[in-house]
Amino acid sequence: MARGAPLLTLTALLLRAQTAPQEVSIRSHPYAPPATILHAETNLVQAGLTARDSNGHAIAGLHPSDFEVTDNGVPQKITAFSELRSDGKSAALATHSETLPSAAIPPPEPKFVTFFFDDYHLENSGMLFVQRAAHGFIAKGVKPGDKLSIVTASGQGDLDFTDDQKLFAEKLDHLGSHTRAVMTVPCGVSPTESFIFLHNLDGPTIEHAIDAAKPCACTEEEKPQQCRTKAQALASSLASSSWEQTQAQSIDTIDALGFAAKKLSEVNGMRILVLTSSGFLIRPGQTELDKFVAGASRWNIAVHALDANGLNARTGLLHQSLFWTPLEKVTDGTGGHFFKNNNDLAGAMDLAMNPEVTYVVAFNPGPRDGKFHTLKIRFKSKRPDTIQFRPSYFSPLDDPNKALSARAPMDAAVFSKETLGDVPASVHVTTANASVSVSISIDVNRLEFTVGNGRHVQQIVFLMTLLDPSGAFVTGKEAIMDLALSDERLASLKKDGLKAVATLTAPAGEYRVRTIVREAMKGNLTASTTPVELQAK
């Protein structure tokens, strides 16, 4: 999917047959494949976590009594607990003071790691430092099954997920700084000082900006107070201009982070984003960053941040804290860790990907309800260490016959190349410029119904998605058609058929239209794939 390309839109599914409203109803909504989340296959929920010290090292030897767990805000009792070492072995329970049973160790997931290089804010020297660190990390060896990708703020040098370490290393060598200089004007101050001035953060810096503006704002005849008033107004104007340029670059970086998170959300496995940056400025309450954090959390993406300045900290704690703010915000909001004041960036990358010790906690939240749950795990006592864990899980309904339990085959079919034909449906796809028309016809004569209240009842689910050439999900739409047909209407549809049409629009390029139809009586599926090429309008 091209960076910055408009999202595909899908028109609501239109029923061509002229049926009475009470006999046919349609609900439609955007579709997105489910994120990889914790599943409660039984009432027992298991959650993995990593505890880290201030240097990012995983902490061993913790006990169940060290943690408190809440599920949708309700405190939970830990019923099982395990400590797992990096060699794949579980630590002996005898090392714990509690006599809880061992939580089952989940099977290892494939690991997908996106290395995000903020080349908008990394100078040439900083980029070289980061490249050497990444090469050092690769030289240690990537574990089998792990896949790495590269995303840059500028979009220059991106690499899709690969396990080819040589290709990854070659891409690293072609990265470079793409900083954009902020235009300065006479009597103005630096972009950072402009930010501090506008947000009234430091008295001496404010006075410095006013003094710098005086030569351009005042004449020799003006009184000091009159000169100060004019200089303050000019300083504010110049600072606003400087901040607008600085903010645009920060927003571009956040947008690129969103792109990286979206690509990660489309893979099935453990999702890690390693953000390497020298930091950047954001205004208080920056909504763009808040949206990124919310999306990454929803998609179970752990974001680790690496300060590319290492031990060469900026002059002044205020300046440092301002540039660290967004890095701290994304790690705190996603269960990641902020690696700072450390020149061993290669080691930090390895710690982010491969913690030496992890834990599994289990608890019983009660009956399954078919909803997403917010999970929080904290230390019971106040300590400087941090905990990384997945912030949500999905609890399927207890009744396996509920519609929710039928989602898995449809979701799986989206990314399958298999052609299925168990529903009497045919699909016809045509293109015209930048649009795709999907026509679906169902042979009602071969469709089973159940009878209730004198009506022939059935439910049909239509799922239409667009995939890029690599098979990654672009976007989609789902429509659910509930049928409660009279004898007359059923006879009419058996004669004329049930037809539906959907229109999809997308940027120019090659795609695969994946169309899935499901009927509810037996849960049968029809699935087909049609390659298409869209032209620019």
# chains A, B, ... in the order shown; residues from 1 in each chain; ligands from 1
call {"tool": "residues_around", "arguments": {"residues": "A:Asp211", "least_positions_apart": "2", "cutoff": "12 Å", "atoms": "only C-alpha atoms", "output": "list in words"}}
result
Cys187, Gly188, Val189, Pro204, Thr205, Ile206, Glu207, His208, Ala209, Ala213, Lys214, Pro215, Cys216, Ala217, Cys218, Pro224, Cys227, Arg228, Thr229, Lys230, Ala231, Gln232, Ala233, Leu234 and Ala235 of chain A
call {"tool": "closest_residue", "arguments": {"among": "A:Pro384, A:Pro191, A:Pro507, A:Pro75", "to": "A:Glu244", "atoms": "only C-alpha atoms"}}
result
A:Pro191
call {"tool": "atom_distance", "arguments": {"atom1": "atom CA of A:Ala502", "atom2": "atom CA of A:Ser439"}}
result
6.5 Å
call {"tool": "atom_distance", "arguments": {"atom1": "atom CA of A:Phe323", "atom2": "atom CA of A:Ser241"}}
result
19.4 Å
